[in-house]
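Heads up: the structure comes next, in structure tokens.
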Amino acid sequence: MAITVNIYYTGENGNAEKFAREMVSSGIVSDIRAEDGNVRYEYFFPMDDKETVLLIDSWKDQQSLDIHHASPMMGKIMELREKYSLSVKAERYVTDTDGFSDNDKKFIQK
């Protein structure tokens, strides 16, 4: 059961994008991706909202996510969130262990 959290960082004057770029340039993103259990850690920029950045953050299980949340990495993230005065909205998803139905698979192109 993988866990994915969509995190929406919103700020003003391009601060959400500046935050994401500093997360990458500082090496924090590379360090998180190297953590045991990390499946995906990737930023996206919504086309219709220039003040928001979406982070797709996936972990193999709850234990991996809990270890990440208890790591010093979270302090660094929190410092940058405060530096850029960001608000945060999160959505949590748990992977369906049965996968896609045959009907769903008709709409997925490989």
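Ordered as shown in the structure tokens, chains take letters A, B, and onward, while each chain numbers its residues from 1 and ligands are numbered from 1 in the order shown.
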Quick one: DSSP helix (DSSP H, G or I) residues in chain A, as a CSV table (one decimal) with C-alpha atoms, in the first residue's frame?
```csv
chain,number,residue,atom,x,y,z
A,15,ASN,CA,7.3,32.7,-3.6
A,16,ALA,CA,6.0,29.2,-4.1
A,17,GLU,CA,8.1,28.7,-7.2
A,18,LYS,CA,11.1,30.2,-5.4
A,19,PHE,CA,10.6,27.7,-2.5
A,20,ALA,CA,10.5,24.8,-4.9
A,21,ARG,CA,13.6,25.9,-6.7
A,22,GLU,CA,15.5,26.4,-3.5
A,23,MET,CA,14.4,23.0,-2.3
A,24,VAL,CA,16.0,21.6,-5.5
A,25,SER,CA,19.1,23.8,-5.6
A,28,ILE,CA,17.0,18.8,0.0
A,29,VAL,CA,15.0,17.2,-2.8
A,30,SER,CA,17.8,14.9,-3.7
A,31,ASP,CA,18.2,13.9,0.0
A,32,ILE,CA,14.5,13.2,0.3
A,33,ARG,CA,14.5,11.1,-2.9
A,62,GLN,CA,3.1,4.7,6.5
A,63,GLN,CA,6.3,3.7,8.4
A,64,SER,CA,8.5,5.2,5.7
A,65,LEU,CA,6.4,8.4,5.7
A,66,ASP,CA,6.6,8.5,9.6
A,67,ILE,CA,10.4,8.2,9.5
A,68,HIS,CA,10.6,11.0,7.0
A,69,HIS,CA,8.3,13.2,9.1
A,72,PRO,CA,15.8,16.6,10.4
A,73,MET,CA,14.7,17.1,6.8
A,74,MET,CA,11.3,18.3,7.9
A,75,GLY,CA,12.9,21.1,9.9
A,76,LYS,CA,14.7,22.3,6.8
A,77,ILE,CA,11.4,22.2,4.8
A,78,MET,CA,9.6,24.1,7.6
A,79,GLU,CA,12.3,26.8,7.6
A,80,LEU,CA,11.9,27.3,3.9
A,81,ARG,CA,8.1,27.4,4.1
A,82,GLU,CA,8.4,30.2,6.7
A,83,LYS,CA,11.1,32.0,4.7
A,102,ASP,CA,-10.4,-3.8,-16.7
A,103,ASN,CA,-12.8,-1.0,-17.6
A,104,ASP,CA,-10.3,1.7,-16.3
A,105,LYS,CA,-7.5,0.1,-18.3
```
How close does segment 62-101 of chain A get to segment 2-6 of chain A? List, as JSON lines, each residue of segment 62-101 of chain A within 7 Å, its nearest atom pair and the distance in Å to one decimal, counting only C-alpha atoms.
```
{"residue": "A:Gln62", "atom": "CA", "partner": "A:Ile3", "partner_atom": "CA", "distance": 6.9}
{"residue": "A:Ala90", "atom": "CA", "partner": "A:Asn6", "partner_atom": "CA", "distance": 5.6}
{"residue": "A:Glu91", "atom": "CA", "partner": "A:Asn6", "partner_atom": "CA", "distance": 5.1}
{"residue": "A:Arg92", "atom": "CA", "partner": "A:Val5", "partner_atom": "CA", "distance": 4.4}
{"residue": "A:Tyr93", "atom": "CA", "partner": "A:Thr4", "partner_atom": "CA", "distance": 5.1}
{"residue": "A:Val94", "atom": "CA", "partner": "A:Ile3", "partner_atom": "CA", "distance": 4.7}
{"residue": "A:Thr95", "atom": "CA", "partner": "A:Ala2", "partner_atom": "CA", "distance": 5.2}
```
Taking N, CA and C atoms for each residue, export the selection above as a PDB file, in the first residue's frame.
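To be explicit, this is the file written out as again.pdb:
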```pdb
ATOM      1  N   GLN A  62       3.280   3.664   5.406  1.00  0.00           N
ATOM      2  CA  GLN A  62       3.146   4.658   6.469  1.00  0.00           C
ATOM      3  C   GLN A  62       4.415   4.768   7.304  1.00  0.00           C
ATOM      4  N   ALA A  90      -3.126  19.991   1.822  1.00  0.00           N
ATOM      5  CA  ALA A  90      -2.664  18.640   1.496  1.00  0.00           C
ATOM      6  C   ALA A  90      -3.843  17.703   1.261  1.00  0.00           C
ATOM      7  N   GLU A  91      -3.617  16.747   0.354  1.00  0.00           N
ATOM      8  CA  GLU A  91      -4.573  15.678   0.073  1.00  0.00           C
ATOM      9  C   GLU A  91      -3.802  14.362   0.168  1.00  0.00           C
ATOM     10  N   ARG A  92      -4.370  13.386   0.837  1.00  0.00           N
ATOM     11  CA  ARG A  92      -3.695  12.097   1.042  1.00  0.00           C
ATOM     12  C   ARG A  92      -4.445  11.008   0.281  1.00  0.00           C
ATOM     13  N   TYR A  93      -3.673  10.173  -0.417  1.00  0.00           N
ATOM     14  CA  TYR A  93      -4.245   9.063  -1.188  1.00  0.00           C
ATOM     15  C   TYR A  93      -3.497   7.776  -0.858  1.00  0.00           C
ATOM     16  N   VAL A  94      -4.236   6.684  -0.744  1.00  0.00           N
ATOM     17  CA  VAL A  94      -3.644   5.374  -0.517  1.00  0.00           C
ATOM     18  C   VAL A  94      -3.884   4.559  -1.780  1.00  0.00           C
ATOM     19  N   THR A  95      -2.822   3.933  -2.275  1.00  0.00           N
ATOM     20  CA  THR A  95      -2.916   3.170  -3.518  1.00  0.00           C
ATOM     21  C   THR A  95      -3.838   1.971  -3.353  1.00  0.00           C
TER      22      THR A  95
END
```
Selected residue of minimal separation from Gly99 of chain A among A:Lys60, A:Met1, A:Ser85, A:Val39, counting only C-alpha atoms: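 Among the listed residues, the smallest separation from Gly99 of chain A belongs to A:Met1.
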Residues flagged strand (DSSP E or B) by DSSP in chain A, as a ChimeraX atom specification: /A:3-10,38-44,52-59,87-94
Distance criterion (only C-alpha atoms): nearest to Asn38 of chain A out of A:Leu54, A:Ser26, A:Lys110, A:Trp59: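 With only C-alpha atoms as the atom set, the closest residue is A:Trp59.
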Distance query Tyr41 of chain A at most 7 Å, only C-alpha atoms, self and fewer than 5 positions along chain excluded, as a list of chain:residue names: A:Arg33, A:Leu55, A:Ile56, A:Asp57, A:Ser58
Distance of atom CA of Ile7 of chain A from atom CA of Asp48 of chain A, expressed in Å to one decimal place: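 If I compute the distance from atom CA of Asp48 of chain A to atom CA of Ile7 of chain A, I get 16.6 Å.
Put simply, atom CA of Gly11 of chain A is 9.1 Å away from atom CA of Val88 of chain A.
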Residue among A:Met47, A:Ser101, A:Tyr84, A:Ser71 lying closest to Glu12 of chain A, counting only C-alpha atoms: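 Between A:Met47, A:Ser101, A:Tyr84, A:Ser71, the residue approaching Glu12 of chain A most closely is A:Tyr84.
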Atom-to-atom span, atom CA of Val53 of chain A and atom CA of Gly27 of chain A, Å: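 That distance, rounded to one decimal, is 18.1 Å.
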